[in-house]
$ cat input-v3.pdb   # PDB, C-alpha atoms
ATOM      1  CA  MET U   1       1.531   9.412  -5.738
ATOM      2  CA  SER U   2       0.981  11.954  -2.979
ATOM      3  CA  GLY U   3       0.884  10.783   0.609
ATOM      4  CA  PRO U   4      -2.124  10.364   2.880
ATOM      5  CA  ARG U   5      -3.928  13.469   4.079
ATOM      6  CA  VAL U   6      -4.966  11.803   7.356
ATOM      7  CA  ALA U   7      -2.700  10.692  10.209
ATOM      8  CA  MET U   8      -2.929   8.731  13.447
ATOM      9  CA  VAL U   9      -0.632  10.177  16.116
ATOM     10  CA  LEU U  10       0.045   7.799  19.002
ATOM     11  CA  ALA U  11       0.209   9.972  22.123
ATOM     12  CA  ALA U  12      -1.355   7.760  24.805
ATOM     13  CA  GLY U  13       1.800   6.226  26.261
ATOM     14  CA  LEU U  14       2.723   6.486  29.944
ATOM     15  CA  GLY U  15       6.319   7.506  29.292
ATOM     16  CA  THR U  16       7.583   5.644  32.365
ATOM     17  CA  ARG U  17      11.187   5.615  31.107
ATOM     18  CA  MET U  18      11.028   9.395  30.743
ATOM     19  CA  ARG U  19      10.457  10.004  34.464
ATOM     20  CA  PRO U  20      10.857  12.351  36.281
ATOM     21  CA  LEU U  21      10.035  14.476  33.205
ATOM     22  CA  THR U  22       6.678  12.721  32.929
ATOM     23  CA  ASP U  23       5.695  13.077  36.590
ATOM     24  CA  ASP U  24       3.529  16.089  35.706
ATOM     25  CA  ARG U  25       2.910  15.713  31.977
ATOM     26  CA  PRO U  26       2.601  13.054  29.284
ATOM     27  CA  LYS U  27       5.583  12.101  27.188
ATOM     28  CA  ALA U  28       3.958  13.818  24.216
ATOM     29  CA  LEU U  29       4.410  17.189  25.943
ATOM     30  CA  VAL U  30       8.040  16.759  27.007
ATOM     31  CA  GLU U  31       9.990  19.467  25.204
ATOM     32  CA  VAL U  32      13.010  18.923  22.981
ATOM     33  CA  GLY U  33      14.659  21.961  21.468
ATOM     34  CA  GLY U  34      11.944  24.211  22.863
ATOM     35  CA  ARG U  35       9.032  22.300  21.323
ATOM     36  CA  ALA U  36       6.848  19.491  22.639
ATOM     37  CA  LEU U  37       7.574  16.105  21.106
ATOM     38  CA  MET U  38       4.031  16.001  19.743
ATOM     39  CA  ASP U  39       4.574  19.334  17.987
ATOM     40  CA  HIS U  40       7.717  18.055  16.280
ATOM     41  CA  MET U  41       5.657  15.214  14.782
ATOM     42  CA  LEU U  42       2.524  17.212  13.962
ATOM     43  CA  ASP U  43       4.614  19.851  12.199
ATOM     44  CA  ARG U  44       6.402  17.189  10.150
ATOM     45  CA  LEU U  45       3.057  15.716   9.137
ATOM     46  CA  VAL U  46       1.711  19.119   8.097
ATOM     47  CA  GLU U  47       4.816  19.617   5.940
ATOM     48  CA  ALA U  48       3.995  16.270   4.294
ATOM     49  CA  GLY U  49       0.483  17.445   3.393
ATOM     50  CA  VAL U  50      -1.533  16.039   6.293
ATOM     51  CA  GLU U  51      -4.759  17.981   6.777
ATOM     52  CA  ARG U  52      -6.406  15.992   9.583
ATOM     53  CA  ALA U  53      -4.963  14.000  12.469
ATOM     54  CA  VAL U  54      -6.438  11.703  15.087
ATOM     55  CA  VAL U  55      -4.528  11.860  18.389
ATOM     56  CA  ASN U  56      -5.132   9.208  21.035
ATOM     57  CA  VAL U  57      -4.964  10.267  24.685
ATOM     58  CA  HIS U  58      -4.686   8.442  28.015
ATOM     59  CA  TYR U  59      -2.073   9.659  30.525
ATOM     60  CA  PHE U  60      -2.655  13.353  31.422
ATOM     61  CA  ALA U  61      -5.263  13.387  28.648
ATOM     62  CA  ASP U  62      -6.612  16.790  29.687
ATOM     63  CA  LEU U  63      -3.187  18.369  29.194
ATOM     64  CA  VAL U  64      -2.883  16.900  25.705
ATOM     65  CA  GLU U  65      -6.318  18.173  24.748
ATOM     66  CA  ALA U  66      -5.494  21.640  26.104
ATOM     67  CA  HIS U  67      -2.238  21.669  24.155
ATOM     68  CA  LEU U  68      -4.028  20.697  20.951
ATOM     69  CA  ALA U  69      -6.609  23.446  21.544
ATOM     70  CA  ALA U  70      -3.792  25.961  21.988
ATOM     71  CA  ARG U  71      -2.276  24.861  18.668
ATOM     72  CA  ARG U  72      -5.624  25.360  16.991
ATOM     73  CA  ALA U  73      -5.996  28.805  18.558
ATOM     74  CA  ARG U  74      -2.630  29.781  17.068
ATOM     75  CA  GLY U  75      -3.832  28.687  13.639
ATOM     76  CA  LEU U  76      -1.561  25.658  13.479
ATOM     77  CA  GLY U  77      -2.656  22.564  11.594
ATOM     78  CA  PRO U  78      -3.624  19.938  11.127
ATOM     79  CA  ALA U  79      -7.256  19.738  12.192
ATOM     80  CA  VAL U  80      -7.337  17.304  15.110
ATOM     81  CA  ALA U  81      -9.833  14.795  16.472
ATOM     82  CA  VAL U  82      -9.176  13.030  19.777
ATOM     83  CA  SER U  83      -9.506   9.282  20.288
ATOM     84  CA  ASP U  84     -10.176   8.951  24.009
ATOM     85  CA  GLU U  85      -8.395   6.075  25.753
ATOM     86  CA  ARG U  86      -8.732   7.423  29.281
ATOM     87  CA  ALA U  87     -10.410   4.194  30.393
ATOM     88  CA  GLN U  88      -7.619   1.965  29.061
ATOM     89  CA  ALA U  89      -4.484   2.535  26.996
ATOM     90  CA  LEU U  90      -4.784   0.294  23.951
ATOM     91  CA  GLU U  91      -1.197   0.123  22.616
ATOM     92  CA  THR U  92      -0.391   0.770  18.978
ATOM     93  CA  GLY U  93      -2.716  -1.718  17.297
ATOM     94  CA  GLY U  94      -5.589  -1.294  19.702
ATOM     95  CA  GLY U  95      -5.314   2.477  19.456
ATOM     96  CA  LEU U  96      -5.452   2.343  15.671
ATOM     97  CA  LYS U  97      -8.426  -0.032  15.773
ATOM     98  CA  LYS U  98     -10.384   2.195  18.180
ATOM     99  CA  ALA U  99      -9.708   5.206  15.975
ATOM    100  CA  ARG U 100     -10.894   3.518  12.767
ATOM    101  CA  PRO U 101     -14.262   5.363  12.667
ATOM    102  CA  LEU U 102     -12.365   8.673  12.843
ATOM    103  CA  LEU U 103      -9.727   7.680  10.293
ATOM    104  CA  GLY U 104     -11.817   6.266   7.481
ATOM    105  CA  ASP U 105     -10.785   3.538   5.056
ATOM    106  CA  ASP U 106      -8.058   5.214   2.998
ATOM    107  CA  PRO U 107      -4.359   4.746   3.835
ATOM    108  CA  VAL U 108      -3.126   6.875   6.745
ATOM    109  CA  TRP U 109       0.115   7.960   8.329
ATOM    110  CA  VAL U 110       0.720   6.370  11.730
ATOM    111  CA  ALA U 111       3.278   8.155  13.888
ATOM    112  CA  ASN U 112       4.839   7.809  17.320
ATOM    113  CA  ILE U 113       5.667  11.027  19.170
ATOM    114  CA  ASP U 114       9.100  10.101  20.488
ATOM    115  CA  SER U 115      11.172  10.381  17.299
ATOM    116  CA  VAL U 116      12.877  13.528  16.056
ATOM    117  CA  TRP U 117      15.290  13.814  13.168
ATOM    118  CA  ILE U 118      17.520  16.087  11.136
ATOM    119  CA  GLU U 119      16.924  15.733   7.412
ATOM    120  CA  GLU U 120      19.557  15.838   4.680
ATOM    121  CA  GLN U 121      18.561  17.108   1.235
ATOM    122  CA  VAL U 122      15.195  15.335   1.055
ATOM    123  CA  SER U 123      12.004  15.182   3.099
ATOM    124  CA  ALA U 124      11.872  11.810   4.837
ATOM    125  CA  LEU U 125       8.081  11.635   4.771
ATOM    126  CA  ASP U 126       8.024  12.553   1.083
ATOM    127  CA  GLU U 127      10.327   9.592   0.465
ATOM    128  CA  VAL U 128       7.949   7.282   2.324
ATOM    129  CA  ALA U 129       4.975   8.603   0.368
ATOM    130  CA  ARG U 130       6.765   8.500  -2.985
ATOM    131  CA  GLY U 131       7.174   4.734  -2.824
ATOM    132  CA  TRP U 132       3.732   3.930  -1.431
ATOM    133  CA  ASP U 133       1.951   1.447  -3.710
ATOM    134  CA  PRO U 134      -1.281   0.038  -2.260
ATOM    135  CA  ALA U 135      -1.393  -2.664  -4.921
ATOM    136  CA  ARG U 136       1.885  -4.151  -3.659
ATOM    137  CA  MET U 137       1.928  -3.245   0.037
ATOM    138  CA  ASP U 138      -0.216  -2.769   3.125
ATOM    139  CA  VAL U 139       2.445  -1.039   5.249
ATOM    140  CA  ARG U 140       5.441   1.162   4.339
ATOM    141  CA  LEU U 141       7.937   1.871   7.134
ATOM    142  CA  LEU U 142      10.306   4.778   7.642
ATOM    143  CA  LEU U 143      13.663   3.193   8.454
ATOM    144  CA  ALA U 144      17.174   4.346   9.328
ATOM    145  CA  PRO U 145      20.559   2.627   9.319
ATOM    146  CA  VAL U 146      21.647   1.635  12.807
ATOM    147  CA  GLY U 147      24.737   3.803  12.412
ATOM    148  CA  ARG U 148      22.647   6.904  11.664
ATOM    149  CA  SER U 149      20.245   6.509  14.568
ATOM    150  CA  VAL U 150      20.509   7.339  18.251
ATOM    151  CA  GLY U 151      18.532   5.665  21.031
ATOM    152  CA  PHE U 152      17.010   2.871  18.937
ATOM    153  CA  HIS U 153      17.958  -0.834  18.979
ATOM    154  CA  ASP U 154      21.688  -1.317  18.499
ATOM    155  CA  THR U 155      20.978  -4.710  16.949
ATOM    156  CA  GLY U 156      18.445  -3.309  14.457
ATOM    157  CA  ASP U 157      14.941  -4.376  13.549
ATOM    158  CA  VAL U 158      14.790  -5.285   9.872
ATOM    159  CA  PHE U 159      16.556  -6.050   6.614
ATOM    160  CA  LEU U 160      15.713  -4.060   3.485
ATOM    161  CA  GLU U 161      15.662  -6.140   0.328
ATOM    162  CA  ALA U 162      16.719  -4.836  -3.089
ATOM    163  CA  ASP U 163      13.087  -4.425  -4.164
ATOM    164  CA  GLY U 164      12.245  -2.401  -1.042
ATOM    165  CA  ARG U 165      10.494  -5.179   0.837
ATOM    166  CA  VAL U 166      11.152  -5.548   4.548
ATOM    167  CA  ARG U 167      12.242  -8.713   6.330
ATOM    168  CA  PHE U 168      12.134  -8.726  10.131
ATOM    169  CA  LYS U 169      15.145 -10.200  11.858
ATOM    170  CA  ALA U 170      14.933 -13.634  13.409
ATOM    171  CA  ALA U 171      15.958 -14.426  16.980
ATOM    172  CA  GLY U 172      19.695 -13.930  17.375
ATOM    173  CA  GLU U 173      20.146 -11.939  14.160
ATOM    174  CA  THR U 174      21.565  -8.439  13.937
ATOM    175  CA  ALA U 175      19.786  -6.270  11.365
ATOM    176  CA  PRO U 176      21.103  -3.139   9.623
ATOM    177  CA  TYR U 177      17.984  -0.961   9.899
ATOM    178  CA  VAL U 178      15.714   0.299  12.676
ATOM    179  CA  TYR U 179      12.094   1.442  12.449
ATOM    180  CA  VAL U 180      12.018   5.105  13.432
ATOM    181  CA  GLY U 181       8.392   5.579  14.363
ATOM    182  CA  VAL U 182       6.452   6.618  11.250
ATOM    183  CA  HIS U 183       4.709   4.546   8.604
ATOM    184  CA  ILE U 184       1.885   4.517   6.087
ATOM    185  CA  ALA U 185      -0.699   1.784   6.553
ATOM    186  CA  LYS U 186      -4.028   0.636   5.316
ATOM    187  CA  PRO U 187      -6.159   0.961   8.463
ATOM    188  CA  GLN U 188      -7.810  -2.340   7.621
ATOM    189  CA  VAL U 189      -4.680  -4.161   8.823
ATOM    190  CA  VAL U 190      -6.003  -4.008  12.405
ATOM    191  CA  GLU U 191      -9.530  -5.210  11.627
ATOM    192  CA  ASN U 192      -8.899  -8.724  12.940
ATOM    193  CA  GLY U 193      -7.059  -7.580  16.033
ATOM    194  CA  PRO U 194      -8.498  -8.494  19.442
ATOM    195  CA  ASP U 195     -10.628  -6.224  21.565
ATOM    196  CA  GLY U 196      -8.484  -4.278  23.994
ATOM    197  CA  PRO U 197      -4.738  -3.598  23.871
ATOM    198  CA  PHE U 198      -2.509  -5.119  21.216
ATOM    199  CA  GLY U 199       0.585  -4.107  19.272
ATOM    200  CA  LEU U 200       1.213  -3.646  15.575
ATOM    201  CA  LEU U 201       4.452  -5.642  15.398
ATOM    202  CA  PRO U 202       2.875  -9.125  15.119
ATOM    203  CA  ILE U 203       0.672  -7.824  12.286
ATOM    204  CA  TRP U 204       3.675  -6.359  10.497
ATOM    205  CA  ARG U 205       5.581  -9.622  10.823
ATOM    206  CA  GLU U 206       2.726 -11.569   9.289
ATOM    207  CA  LEU U 207       2.333  -9.086   6.439
ATOM    208  CA  ALA U 208       6.088  -8.973   5.829
ATOM    209  CA  ALA U 209       6.167 -12.757   5.496
ATOM    210  CA  ALA U 210       3.629 -12.327   2.706
ATOM    211  CA  GLY U 211       5.742  -9.645   1.020
ATOM    212  CA  ARG U 212       3.309  -6.848   1.892
ATOM    213  CA  VAL U 213       5.599  -4.563   3.962
ATOM    214  CA  SER U 214       8.044  -2.175   2.319
ATOM    215  CA  GLY U 215      10.463   0.348   3.724
ATOM    216  CA  VAL U 216      12.732   3.243   2.852
ATOM    217  CA  ALA U 217      15.746   4.742   4.627
ATOM    218  CA  PRO U 218      16.221   8.382   3.580
ATOM    219  CA  PRO U 219      19.412  10.252   4.534
ATOM    220  CA  GLY U 220      19.364  11.995   7.912
ATOM    221  CA  LEU U 221      20.081  11.637  11.603
ATOM    222  CA  TRP U 222      17.390   9.850  13.637
ATOM    223  CA  MET U 223      16.840  10.174  17.379
ATOM    224  CA  HIS U 224      14.573   8.219  19.695
ATOM    225  CA  VAL U 225      13.710  10.354  22.733
ATOM    226  CA  GLY U 226      12.919   7.593  25.201
ATOM    227  CA  ASP U 227      14.443   8.798  28.462
ATOM    228  CA  PRO U 228      15.927  11.984  29.980
ATOM    229  CA  GLN U 229      19.436  11.139  28.760
ATOM    230  CA  ALA U 230      18.178  10.623  25.213
ATOM    231  CA  ARG U 231      16.366  13.951  25.436
ATOM    232  CA  GLU U 232      19.599  15.696  26.398
ATOM    233  CA  ALA U 233      21.416  13.992  23.537
ATOM    234  CA  ALA U 234      18.707  15.008  21.054
ATOM    235  CA  GLU U 235      18.795  18.608  22.231
ATOM    236  CA  ALA U 236      22.571  18.689  21.764
ATOM    237  CA  ARG U 237      22.246  17.343  18.211
ATOM    238  CA  LEU U 238      19.468  19.808  17.331
ATOM    239  CA  ARG U 239      21.620  22.696  18.573
TER     240      ARG U 239
END

$ encode --input "input-v3.pdb" --output "structure tokens"
Amino acid sequence: MSGPRVAMVLAAGLGTRMRPLTDDRPKALVEVGGRALMDHMLDRLVEAGVERAVVNVHYFADLVEAHLAARRARGLGPAVAVSDERAQALETGGGLKKARPLLGDDPVWVANIDSVWIEEQVSALDEVARGWDPARMDVRLLLAPVGRSVGFHDTGDVFLEADGRVRFKAAGETAPYVYVGVHIAKPQVVENGPDGPFGLLPIWRELAAAGRVSGVAPPGLWMHVGDPQAREAAEARLR
């Protein structure tokens, strides 16, 4: 089954840990390897067949919109609609819920903008899409082994069962895999979320307990660009 053609790109964060690089721009526009973080993700999504993306904006929203307009002027996809969170940043779940009218009801990609990676042999997003089965799952996460990731949680996030289902670690556990910032989801998963800001993690935990979250860990090197030191490390790896 081919992957979704629509994506939600989460670009509304303040990027406080990235200061001073975010004193005059949003985290989404911090450059790594000569390209803005947001461009790394948008280009990956285009390669995976995404035709339309919704990008949420908050901090330095005008700069993000100008950057997206410049991409469009250069003929770069995907087509983009903006979900305006200038009044209040809504976190991952709240951002997805606000964007629902722009996203529609079919499954979508949901992507952070602070992950970059080097692939090995296969397209990571193709691997996520290849295993997507809406009859068996509501969310499918892109994962990486702790030992093949840089800047994520050293103690991991999840366990990956033999059938591909995800189990989130309990308090005090160390898990072998981290979530690296991209997943496919049915947008309906946020329907019962509160008004205002809320995160996706509690929803994922509830769905995982019901066996409705799967994951895949394709080969590659995965980098979370969360602060200036991580940016320098990512640039060194990309070189």

$ axis_aligned_box --input "input-v3.pdb" --around "segment 226-231 of chain U" --padding-each-side "5 Å" --output "lines of an AutoDock Vina configuration file"
center_x = 16.2
center_y = 10.8
center_z = 27.6
size_x = 16.5
size_y = 16.4
size_z = 14.8

$ resolve_selection --input "input-v3.pdb" --expression "the PyMOL selection byres ((chain U and resi 53-63) around 9)" --output "compact mmCIF listing (two decimals) with C-alpha atoms, in the coordinates of the input"
# COMPACT_ATOMS: atom_id res chain seq x y z
CA ARG U 5 -3.93 13.47 4.08
CA VAL U 6 -4.97 11.80 7.36
CA ALA U 7 -2.70 10.69 10.21
CA MET U 8 -2.93 8.73 13.45
CA VAL U 9 -0.63 10.18 16.12
CA LEU U 10 0.04 7.80 19.00
CA ALA U 11 0.21 9.97 22.12
CA ALA U 12 -1.36 7.76 24.80
CA GLY U 13 1.80 6.23 26.26
CA LEU U 14 2.72 6.49 29.94
CA GLY U 15 6.32 7.51 29.29
CA ASP U 24 3.53 16.09 35.71
CA ARG U 25 2.91 15.71 31.98
CA PRO U 26 2.60 13.05 29.28
CA LYS U 27 5.58 12.10 27.19
CA LEU U 29 4.41 17.19 25.94
CA LEU U 42 2.52 17.21 13.96
CA LEU U 45 3.06 15.72 9.14
CA VAL U 50 -1.53 16.04 6.29
CA GLU U 51 -4.76 17.98 6.78
CA ARG U 52 -6.41 15.99 9.58
CA VAL U 64 -2.88 16.90 25.70
CA GLU U 65 -6.32 18.17 24.75
CA ALA U 66 -5.49 21.64 26.10
CA HIS U 67 -2.24 21.67 24.16
CA LEU U 68 -4.03 20.70 20.95
CA GLY U 77 -2.66 22.56 11.59
CA PRO U 78 -3.62 19.94 11.13
CA ALA U 79 -7.26 19.74 12.19
CA VAL U 80 -7.34 17.30 15.11
CA ALA U 81 -9.83 14.80 16.47
CA VAL U 82 -9.18 13.03 19.78
CA SER U 83 -9.51 9.28 20.29
CA ASP U 84 -10.18 8.95 24.01
CA GLU U 85 -8.40 6.08 25.75
CA ARG U 86 -8.73 7.42 29.28
CA ALA U 87 -10.41 4.19 30.39
CA GLN U 88 -7.62 1.96 29.06
CA ALA U 89 -4.48 2.54 27.00
CA GLY U 95 -5.31 2.48 19.46
CA LEU U 96 -5.45 2.34 15.67
CA ALA U 99 -9.71 5.21 15.98
CA LEU U 102 -12.36 8.67 12.84
CA LEU U 103 -9.73 7.68 10.29
CA TRP U 109 0.12 7.96 8.33

$ atom_distance --input "input-v3.pdb" --atom1 "atom CA of Val116 of chain U" --atom2 "atom CA of Pro219 of chain U"
13.6 Å

$ closest_residue --input "input-v3.pdb" --among "U:Glu91, U:Asp23, U:Asp126, U:Glu232" --to "Pro4 of chain U" --atoms "all atoms listed in the file"
U:Asp126

$ resolve_selection --input "input-v3.pdb" --expression "the PyMOL selection byres ((chain U and resi 169-180) around 8)" --output "ChimeraX atom specification"
/U:115,141-146,149,152-153,155-160,167-168,181-182,222,224

$ resolve_selection --input "input-v3.pdb" --expression "the PyMOL selection byres ((chain U and resi 199) around 6)" --output "PyMOL selection string"
chain U and resi 91-93+198+200-201

$ closest_residue --input "input-v3.pdb" --among "U:Val30, U:Leu207, U:Val122, U:Leu238" --to "Met223 of chain U" --atoms "only C-alpha atoms"
U:Leu238

$ residues_around --input "input-v3.pdb" --residues "Gly193 of chain U" --least-positions-apart "2" --cutoff "8 Å" --atoms "only C-alpha atoms" --output "PDB file with C-alpha atoms, in the frame of the given file"
ATOM      1  CA  GLY U  93      -2.716  -1.718  17.297  1.00  0.00           C
ATOM      2  CA  GLY U  94      -5.589  -1.294  19.702  1.00  0.00           C
ATOM      3  CA  LYS U  97      -8.426  -0.032  15.773  1.00  0.00           C
ATOM      4  CA  VAL U 190      -6.003  -4.008  12.405  1.00  0.00           C
ATOM      5  CA  GLU U 191      -9.530  -5.210  11.627  1.00  0.00           C
ATOM      6  CA  ASP U 195     -10.628  -6.224  21.565  1.00  0.00           C
ATOM      7  CA  PHE U 198      -2.509  -5.119  21.216  1.00  0.00           C
TER       8      PHE U 198
END

$ atom_distance --input "input-v3.pdb" --atom1 "atom CA of Met38 of chain U" --atom2 "atom CA of Ile118 of chain U"
16.0 Å

$ atom_distance --input "input-v3.pdb" --atom1 "atom CA of Glu120 of chain U" --atom2 "atom CA of Gly220 of chain U"
5.0 Å

$ residues_around --input "input-v3.pdb" --residues "Glu31 of chain U" --least-positions-apart "4" --cutoff "10 Å" --atoms "only C-alpha atoms" --output "PyMOL selection string"
chain U and resi 21+27+35-40+231+235

$ residues_around --input "input-v3.pdb" --residues "Ala236 of chain U" --least-positions-apart "5" --cutoff "10 Å" --atoms "only C-alpha atoms" --output "mmCIF file with C-alpha atoms, keeping the file's coordinate frame"
data_model
loop_
_atom_site.group_PDB
_atom_site.id
_atom_site.type_symbol
_atom_site.label_atom_id
_atom_site.label_comp_id
_atom_site.auth_asym_id
_atom_site.auth_seq_id
_atom_site.Cartn_x
_atom_site.Cartn_y
_atom_site.Cartn_z
ATOM 1 C CA VAL U 32 13.010 18.923 22.981
ATOM 2 C CA GLY U 33 14.659 21.961 21.468
ATOM 3 C CA ALA U 230 18.178 10.623 25.213
ATOM 4 C CA ARG U 231 16.366 13.951 25.436
#

$ residues_around --input "input-v3.pdb" --residues "Asp105 of chain U" --least-positions-apart "6" --cutoff "8 Å" --atoms "only C-alpha atoms" --output "list in words"
Lys186, Pro187 and Gln188 of chain U

$ build_atoms --input "input-v3.pdb" --residues "segment 111-125 of chain U" --atoms "N, CA and C atoms" --output "PDB file, keeping the file's coordinate frame"
ATOM      1  N   ALA U 111       2.038   7.575  13.390  1.00  0.00           N
ATOM      2  CA  ALA U 111       3.278   8.155  13.888  1.00  0.00           C
ATOM      3  C   ALA U 111       3.369   8.086  15.402  1.00  0.00           C
ATOM      4  N   ASN U 112       4.516   7.641  15.908  1.00  0.00           N
ATOM      5  CA  ASN U 112       4.839   7.809  17.320  1.00  0.00           C
ATOM      6  C   ASN U 112       5.210   9.263  17.579  1.00  0.00           C
ATOM      7  N   ILE U 113       5.301   9.644  18.864  1.00  0.00           N
ATOM      8  CA  ILE U 113       5.667  11.027  19.170  1.00  0.00           C
ATOM      9  C   ILE U 113       7.061  11.128  19.779  1.00  0.00           C
ATOM     10  N   ASP U 114       7.820  10.049  19.808  1.00  0.00           N
ATOM     11  CA  ASP U 114       9.100  10.101  20.488  1.00  0.00           C
ATOM     12  C   ASP U 114      10.291  10.000  19.538  1.00  0.00           C
ATOM     13  N   SER U 115      10.078  10.338  18.266  1.00  0.00           N
ATOM     14  CA  SER U 115      11.172  10.381  17.299  1.00  0.00           C
ATOM     15  C   SER U 115      11.325  11.794  16.749  1.00  0.00           C
ATOM     16  N   VAL U 116      12.562  12.274  16.732  1.00  0.00           N
ATOM     17  CA  VAL U 116      12.877  13.528  16.056  1.00  0.00           C
ATOM     18  C   VAL U 116      14.059  13.260  15.139  1.00  0.00           C
ATOM     19  N   TRP U 117      14.208  14.070  14.106  1.00  0.00           N
ATOM     20  CA  TRP U 117      15.290  13.814  13.168  1.00  0.00           C
ATOM     21  C   TRP U 117      15.734  15.095  12.477  1.00  0.00           C
ATOM     22  N   ILE U 118      16.935  15.011  11.930  1.00  0.00           N
ATOM     23  CA  ILE U 118      17.520  16.087  11.136  1.00  0.00           C
ATOM     24  C   ILE U 118      17.631  15.561   9.714  1.00  0.00           C
ATOM     25  N   GLU U 119      16.957  16.223   8.787  1.00  0.00           N
ATOM     26  CA  GLU U 119      16.924  15.733   7.412  1.00  0.00           C
ATOM     27  C   GLU U 119      18.143  16.217   6.626  1.00  0.00           C
ATOM     28  N   GLU U 120      18.465  15.480   5.577  1.00  0.00           N
ATOM     29  CA  GLU U 120      19.557  15.838   4.680  1.00  0.00           C
ATOM     30  C   GLU U 120      19.042  15.804   3.250  1.00  0.00           C
ATOM     31  N   GLN U 121      18.877  16.944   2.662  1.00  0.00           N
ATOM     32  CA  GLN U 121      18.561  17.108   1.235  1.00  0.00           C
ATOM     33  C   GLN U 121      17.126  16.775   0.854  1.00  0.00           C
ATOM     34  N   VAL U 122      16.537  15.745   1.458  1.00  0.00           N
ATOM     35  CA  VAL U 122      15.195  15.335   1.055  1.00  0.00           C
ATOM     36  C   VAL U 122      14.290  15.255   2.275  1.00  0.00           C
ATOM     37  N   SER U 123      12.980  15.387   2.044  1.00  0.00           N
ATOM     38  CA  SER U 123      12.004  15.182   3.099  1.00  0.00           C
ATOM     39  C   SER U 123      11.798  13.688   3.311  1.00  0.00           C
ATOM     40  N   ALA U 124      12.011  13.241   4.542  1.00  0.00           N
ATOM     41  CA  ALA U 124      11.872  11.810   4.837  1.00  0.00           C
ATOM     42  C   ALA U 124      10.459  11.323   4.549  1.00  0.00           C
ATOM     43  N   LEU U 125       9.457  12.085   4.979  1.00  0.00           N
ATOM     44  CA  LEU U 125       8.081  11.635   4.771  1.00  0.00           C
ATOM     45  C   LEU U 125       7.713  11.638   3.289  1.00  0.00           C
TER      46      LEU U 125
END
